[in-house]
Structure formats: structure tokens, C-alpha cells
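A.B. asks: Quick one: the structure is below, and I'll ask about it shortly.
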Amino acid sequence: MDKLMDSPWFLRFTALFLAIVLFFFVKAGEEKTAGKSIGDTMEDIRDVPVEVFYDTENLVVTGVPETVNMSIDGPANLVQSTKLRKDFTLRLDLSNLPIGRHSVEIKTENISDKLLVQLDPATVTVDIEEKITESFRVDPELNDRLLAEDYYIVDMKADPSVIEVTGAKSVIESISFVKATATADQGISKSFEQQARVRVLDKDLNKLNVTIVPEQVTVKVEVAQYQKEVPIVLRTAGTPREDVQIRGLSTNAKTITLTGSRKALDQIDEYTVDVDISKVDGQGQLDVPLKKPKGISKMSLDKLKVSVDATTTDQKQDQEEESDSSEQAESPPPAPEPVVTKEFNNIAVEVKGLDEKFKSSYQKPQNGSVSLSVTGEKSVVDQMASSDFNVYVDASGAEAEGELTLPVSVDGPEQVQWKLSEEKVTMKIELA
């Protein structure tokens, strides 16, 4: 080994190897710095805004990014001044392009030619569409869970009820819902109104990029407790005095409106009034206080005037003496005619007053028909048919699409009383 290292040829080969290694090292360094002047530098500028030029009055453009990232490479002083001043412009000129999809290069303006500029992205795909404006009816809404117990929505409307929506034709054609949602704290028990932002949605409830005028509407919500109108039934209570004979009881009030829980109202078909006849001493009127049934918070009447048809023993004797002394005996009064009840089923509920631009369909009852129970004197009731009654709802107050709950009204003969199987109906209002 010592002889080999002392050999001149070994030293020559070693020197040659080191020279070759040094040559390739220097060559690689030169290639790495090739094309770059001494003092050059590169900087990144992020979120540079893009200016778009097109016919904004008649066209809508989608697919243009608001900002892009940019890198500049060149002399250090020029790079730094450009980055600080940002007096250049990124321009996307679409003014001469027709409607359709295009791939367009972003251009730079007012930037030095000595700088190498790279954009990310440098080219964008844009869609140019016709801009149109259409009118849409606003559908106000409120989460029913926010209502207090035993309250329901009587009516809900938006003001204004129609708004203008402007956007690309394809976007306008995809609109399925235009909604304004009212919000409030849990336990709503009073009617209210508030400003609500309008939302324009497609069939998948995705928010659409359109211009809305106005952007907010006033939502008016009317709420009330559940109510039910039921017939008043008089019932005698107690035992009359021995010298008093009760012929009958009557009252001018035929019905009473009860307010309370829905469960309690569903169990009440009539309101029974017990009239204590033990204190009746002759014909006259009684003021009968009314008691609230369980689950009822309010009644339209708190007392009832009941007319009592009664005679005493003295009155009866006087009447008999007058009858005996009369030359012509009067015939006895006819026996009262029996009272019967007749049921008419599947009576269609007519919709009155609905604007021609709307159409309606029944949600409850689904077939839009009800049953009518008629009570009266047998001779009158037997001659009646369902055509003698006009059952209808007044939908003249409908101003917007959505669900609407309305009371059912009945026009019929005055000689009878009637009762409906459904006091209210729920309808769906849509544009015709």
C-alpha cells in the first residue's frame, strides 16, 4: 500500500478524479443560476382582485373568481415597489363575447415588462347568460313549535307580498321557493309583525345568487287560542214548588264560543246550562251564571238570561174560572211537536271570495266535505234536504300562497239549529 501511494501514477489519477468532481460541481451551480441576473428576486401577492368588463345591464356572468394569487419575478427594487404600490390591474374583458361558456385568460395592465408575472389561475371558465327580472310571491313562514300551547296561526302575510328577482335566466328558471321566515322567542301568544330577509331557493333548498328588490319584507303573524262554537242546551235542576208548574225554559242565546285547549274543545259538543227551578215562583226571567268547563280559559258569555214559562196554582184556578164563565170554550192548546235531529253527510264546502289568480285545495278535511246535524221540529226537519243549506268559507283575505285555516259558515233556514262536524278547514293556496 505504501508503494502504491508513493507511485507518481497514483497521485496523477487522484488529481484527475478531484478535478473532474470539481468541474461537475461548478457546472451544476452555473446551471442553477442560469437565466437569472444578479439581484433578481421573486415575491407572491395573494388575493389580487379581478376586474370584469361586460354588459352589466343585459348580461350575467358566473364563474369569475373575485381574487387570484399572483407571483412576480425580476429586479428586487422593481418587485418590492410593485408589491407595495399595487398600482397594476388584473383585467377580464368579456365585452365582445357572445352568450355561452368561454375559457378566458386574465390579462395584466400597468405592470413593468421587466417583471415575469404568473397568475393562479391564469385562465378561467365563465358562463355568460341573459339577465332577466321576474316577479315572485313571497311565502311567509313561522315554526309552529314557537307557538304557546293551545295557540295556532290564524293568518300570516308578507308586506309587500310580491318582490322582484333579477339574475341569470337559468337561475331564475330554477327558483322553487321565495320565503321570508319570522322568528321569535318560544311561547308566542300574541300577534306580531317583524322585518324578515327574503330567501330565494331552488328545489333542493339551495340559496341562489340573485338580486332581490326589496331584500326585506314585513311579516305579519296573527295567532289566537283554539276556539269552538257549540249550541247551548238548557236543563232543569232541582224540584219546583208544589204551587208552581214549569211549562218550559228558553233563551235568546243559541250558541256560546269557548276558548281553551284543543283537547278540551274536542270533547265538548254542547254547553249544558243547569237552571235551578226550585226558586221559581212564577213566570219571568232568571240570570244564570255560567261555569267554565275544565280546560276552558274564556267564554263569550259569563251569564245567561233564561225565560221561564210557569204558572202557579192561583193562576191556574183563575184561568179555569174564566174558562167556565166563557160562552164559547176555547180549544186546548195543541201538544208541542217533537224535536228531531237529522244528519246530512258529505256536504261540499264552497270556497267564496278567492282571487282568480289563486287556486285552492283542501288539506283538512281532505275531501273538502263536512257533515251537518240539523235539529228542529219534526214537520220542518222531515221536509229539508242538504240543498237547503249553503256551506262555505270566505277566502277573500288570501293574499299569498301557503296554508290557510278558515272558519266554516252556514246559510240555512231559521226554523232549525245546526251543527258542523268541522268548525274550521285548512286549505292550501297556490298560484293558478
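Chain labels follow the order of the C-alpha cells: the first chain is A, the next B, and so on; residue numbering restarts at 1 in every chain, and ligands are counted from 1 in their shown order.
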Just want the 7 Å neighbourhood of Met299 in chain A, counted on only C-alpha atoms, with same-chain residues fewer than 5 positions away dropped. Output as an MDAnalysis selection string.
C.D. replies: chainID A and resid 257:259
A.B. asks: Would you write out those residues with N, CA, C and O atoms, as a compact mmCIF listing (two decimals), in the first residue's frame?
C.D. replies:
```
# COMPACT_ATOMS: atom_id res chain seq x y z
N THR A 257 -119.31 30.60 22.45
CA THR A 257 -117.96 30.36 21.94
C THR A 257 -117.02 30.11 23.11
O THR A 257 -116.91 30.93 24.02
N LEU A 258 -116.34 28.96 23.06
CA LEU A 258 -115.41 28.56 24.11
C LEU A 258 -113.98 28.69 23.60
O LEU A 258 -113.68 28.35 22.45
N THR A 259 -113.09 29.15 24.46
CA THR A 259 -111.67 29.28 24.14
C THR A 259 -110.87 28.48 25.16
O THR A 259 -111.09 28.62 26.36
```
A.B. asks: Do you know which residues are at most 7 Å from range 267-275 of chain A counting only C-alpha atoms, after dropping those on the same chain fewer than 4 positions away, and could you put them as a list in words?
C.D. replies: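 Surrounding residues, per the criterion: Val230, Pro231, Ile232, Val233, Leu234, Arg235, Thr236, Ala237, Lys263 and Val288 of chain A.
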A.B. asks: Generate a file of the selected residues that holds C-alpha atoms, formatted as an mmCIF file, in the first residue's frame.
C.D. replies:
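New file selection_18.cif:
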```cif
data_model
loop_
_atom_site.group_PDB
_atom_site.id
_atom_site.type_symbol
_atom_site.label_atom_id
_atom_site.label_comp_id
_atom_site.auth_asym_id
_atom_site.auth_seq_id
_atom_site.Cartn_x
_atom_site.Cartn_y
_atom_site.Cartn_z
ATOM 1 C CA VAL A 230 -121.248 24.991 20.448
ATOM 2 C CA PRO A 231 -125.034 25.046 20.982
ATOM 3 C CA ILE A 232 -126.482 25.926 24.401
ATOM 4 C CA VAL A 233 -128.734 23.263 25.943
ATOM 5 C CA LEU A 234 -130.982 24.174 28.891
ATOM 6 C CA ARG A 235 -131.573 21.552 31.570
ATOM 7 C CA THR A 236 -133.757 21.799 34.664
ATOM 8 C CA ALA A 237 -132.211 21.247 38.073
ATOM 9 C CA LYS A 263 -108.011 18.627 23.769
ATOM 10 C CA VAL A 288 -127.935 32.042 35.384
#
```
A.B. asks: From range 10-142 of chain A, collect each residue whose DSSP state is strand (DSSP E or B) and return the set as JSON, numbers by chain.
C.D. replies: {"A": [40, 41, 42, 43, 44, 45, 46, 47, 48, 49, 50, 51, 52, 53, 59, 60, 61, 62, 67, 68, 69, 70, 71, 72, 73, 74, 75, 89, 90, 91, 92, 93, 100, 101, 102, 103, 104, 105, 107, 108, 109, 116, 117, 118, 119, 120, 123, 124, 125, 126, 127, 128, 129, 130, 131, 132, 133, 134, 135, 136, 137, 139, 140, 141]}
A.B. asks: Can you write just those residues out, C-alpha atoms, as a PDB file, in the first residue's frame?
C.D. replies:
```pdb
ATOM      1  CA  ASP A  40     -33.267  39.310  -9.040  1.00  0.00           C
ATOM      2  CA  THR A  41     -35.949  38.180  -6.589  1.00  0.00           C
ATOM      3  CA  MET A  42     -39.474  36.689  -6.594  1.00  0.00           C
ATOM      4  CA  GLU A  43     -42.485  37.655  -4.463  1.00  0.00           C
ATOM      5  CA  ASP A  44     -46.046  36.302  -4.076  1.00  0.00           C
ATOM      6  CA  ILE A  45     -49.042  38.638  -3.918  1.00  0.00           C
ATOM      7  CA  ARG A  46     -52.189  36.944  -2.675  1.00  0.00           C
ATOM      8  CA  ASP A  47     -55.870  37.799  -3.214  1.00  0.00           C
ATOM      9  CA  VAL A  48     -55.469  40.260  -6.057  1.00  0.00           C
ATOM     10  CA  PRO A  49     -58.941  41.466  -7.224  1.00  0.00           C
ATOM     11  CA  VAL A  50     -60.046  40.758 -10.809  1.00  0.00           C
ATOM     12  CA  GLU A  51     -61.891  43.469 -12.741  1.00  0.00           C
ATOM     13  CA  VAL A  52     -64.525  42.146 -15.156  1.00  0.00           C
ATOM     14  CA  PHE A  53     -65.860  44.096 -18.124  1.00  0.00           C
ATOM     15  CA  LEU A  59     -75.991  40.005 -19.087  1.00  0.00           C
ATOM     16  CA  VAL A  60     -74.983  37.977 -16.045  1.00  0.00           C
ATOM     17  CA  VAL A  61     -71.556  36.340 -15.741  1.00  0.00           C
ATOM     18  CA  THR A  62     -70.762  33.435 -13.445  1.00  0.00           C
ATOM     19  CA  THR A  67     -59.453  37.322  -6.481  1.00  0.00           C
ATOM     20  CA  VAL A  68     -56.446  35.328  -7.759  1.00  0.00           C
ATOM     21  CA  ASN A  69     -52.925  34.756  -6.469  1.00  0.00           C
ATOM     22  CA  MET A  70     -50.004  36.336  -8.305  1.00  0.00           C
ATOM     23  CA  SER A  71     -46.223  35.887  -8.339  1.00  0.00           C
ATOM     24  CA  ILE A  72     -43.763  38.433  -9.789  1.00  0.00           C
ATOM     25  CA  ASP A  73     -40.092  37.779 -10.593  1.00  0.00           C
ATOM     26  CA  GLY A  74     -37.482  40.371 -11.546  1.00  0.00           C
ATOM     27  CA  PRO A  75     -35.177  43.059 -10.181  1.00  0.00           C
ATOM     28  CA  THR A  89     -54.752  45.824 -12.747  1.00  0.00           C
ATOM     29  CA  LEU A  90     -55.918  42.285 -13.472  1.00  0.00           C
ATOM     30  CA  ARG A  91     -58.495  42.535 -16.253  1.00  0.00           C
ATOM     31  CA  LEU A  92     -61.006  40.062 -17.674  1.00  0.00           C
ATOM     32  CA  ASP A  93     -62.609  41.527 -20.783  1.00  0.00           C
ATOM     33  CA  GLY A 100     -72.442  30.858 -23.652  1.00  0.00           C
ATOM     34  CA  ARG A 101     -69.459  29.225 -21.919  1.00  0.00           C
ATOM     35  CA  HIS A 102     -65.945  30.526 -22.602  1.00  0.00           C
ATOM     36  CA  SER A 103     -62.392  29.967 -21.401  1.00  0.00           C
ATOM     37  CA  VAL A 104     -60.764  33.391 -20.956  1.00  0.00           C
ATOM     38  CA  GLU A 105     -57.224  34.429 -19.998  1.00  0.00           C
ATOM     39  CA  LYS A 107     -54.710  39.978 -18.561  1.00  0.00           C
ATOM     40  CA  THR A 108     -52.399  42.278 -16.591  1.00  0.00           C
ATOM     41  CA  GLU A 109     -52.234  46.036 -17.072  1.00  0.00           C
ATOM     42  CA  LEU A 116     -42.148  37.921 -15.066  1.00  0.00           C
ATOM     43  CA  VAL A 117     -45.795  37.528 -13.951  1.00  0.00           C
ATOM     44  CA  GLN A 118     -47.585  34.261 -13.149  1.00  0.00           C
ATOM     45  CA  LEU A 119     -51.277  34.069 -12.124  1.00  0.00           C
ATOM     46  CA  ASP A 120     -53.072  31.296 -10.289  1.00  0.00           C
ATOM     47  CA  THR A 123     -57.341  31.186 -17.264  1.00  0.00           C
ATOM     48  CA  VAL A 124     -60.942  30.906 -16.037  1.00  0.00           C
ATOM     49  CA  THR A 125     -64.096  29.324 -17.476  1.00  0.00           C
ATOM     50  CA  VAL A 126     -67.056  31.698 -17.406  1.00  0.00           C
ATOM     51  CA  ASP A 127     -70.751  31.416 -18.316  1.00  0.00           C
ATOM     52  CA  ILE A 128     -72.392  34.425 -19.960  1.00  0.00           C
ATOM     53  CA  GLU A 129     -76.193  34.416 -19.702  1.00  0.00           C
ATOM     54  CA  GLU A 130     -79.083  36.732 -20.401  1.00  0.00           C
ATOM     55  CA  LYS A 131     -80.181  38.797 -17.375  1.00  0.00           C
ATOM     56  CA  ILE A 132     -83.927  38.714 -16.685  1.00  0.00           C
ATOM     57  CA  THR A 133     -86.223  40.071 -13.965  1.00  0.00           C
ATOM     58  CA  GLU A 134     -89.382  38.321 -12.769  1.00  0.00           C
ATOM     59  CA  SER A 135     -91.916  38.862 -10.007  1.00  0.00           C
ATOM     60  CA  PHE A 136     -92.389  36.244  -7.290  1.00  0.00           C
ATOM     61  CA  ARG A 137     -94.859  35.974  -4.442  1.00  0.00           C
ATOM     62  CA  ASP A 139     -94.248  32.841   1.169  1.00  0.00           C
ATOM     63  CA  PRO A 140     -94.046  33.881   4.854  1.00  0.00           C
ATOM     64  CA  GLU A 141     -93.366  31.126   7.372  1.00  0.00           C
TER      65      GLU A 141
END
```
A.B. asks: Pick out the residues sitting within 10 Å of Ser307 in chain A, and hand them over as a ChimeraX atom specification; count only C-alpha atoms, and ignore anything fewer than 3 positions along from it in its own chain.
C.D. replies: /A:248-252,283-287,304,310
A.B. asks: Using only C-alpha atoms, which of the listed residues (A:Val79, A:Pro65, A:Val380, A:Asp185) sits closest to Leu115 in chain A?
C.D. replies: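 Ranked by minimum distance to Leu115 in chain A, first place goes to A:Val79.
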A.B. asks: Taking only C-alpha atoms into account, name the residue in A:Glu356, A:Asp155, A:Glu423, A:Glu193 that is nearest to Leu404 in chain A.
C.D. replies: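 Selected residue with least distance to Leu404 in chain A: A:Asp155.
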A.B. asks: Of the candidates A:Arg247, A:Val370, A:Lys364, A:Ile256, which one gets nearest to Thr312 in chain A if we count only C-alpha atoms?
C.D. replies: A:Arg247
A.B. asks: Run DSSP on the backbone of this structure and report the residues of range 331-381 of chain A it assigns to helix (DSSP H, G or I), as a ChimeraX atom specification.
C.D. replies: /A:378-381
A.B. asks: Write out the residues from the selection above, keeping all heavy atoms, as a short mmCIF file (atom, residue, chain, number, x, y, z; two decimals), in the first residue's frame.
C.D. replies:
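See out-v3.cif below for the written result:
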```cif
data_model
loop_
_atom_site.label_atom_id
_atom_site.label_comp_id
_atom_site.auth_asym_id
_atom_site.auth_seq_id
_atom_site.Cartn_x
_atom_site.Cartn_y
_atom_site.Cartn_z
N LYS A 378 -140.15 18.28 14.01
CA LYS A 378 -140.15 17.13 13.10
C LYS A 378 -140.74 17.48 11.73
O LYS A 378 -140.19 17.11 10.69
CB LYS A 378 -140.91 15.96 13.73
CG LYS A 378 -140.83 14.65 12.94
CD LYS A 378 -141.51 13.54 13.69
CE LYS A 378 -141.30 12.21 12.98
NZ LYS A 378 -141.77 12.22 11.59
N SER A 379 -141.87 18.20 11.73
CA SER A 379 -142.52 18.52 10.46
C SER A 379 -141.63 19.38 9.57
O SER A 379 -141.70 19.29 8.34
CB SER A 379 -143.85 19.22 10.72
OG SER A 379 -143.62 20.45 11.42
N VAL A 380 -140.78 20.23 10.19
CA VAL A 380 -139.88 21.09 9.42
C VAL A 380 -138.67 20.31 8.94
O VAL A 380 -138.27 20.38 7.78
CB VAL A 380 -139.45 22.31 10.26
CG1 VAL A 380 -138.46 23.17 9.48
CG2 VAL A 380 -140.66 23.14 10.67
N VAL A 381 -138.06 19.55 9.87
CA VAL A 381 -136.83 18.83 9.54
C VAL A 381 -137.08 17.77 8.49
O VAL A 381 -136.25 17.55 7.58
CB VAL A 381 -136.23 18.21 10.82
CG1 VAL A 381 -135.04 17.32 10.48
CG2 VAL A 381 -135.80 19.31 11.79
#
```
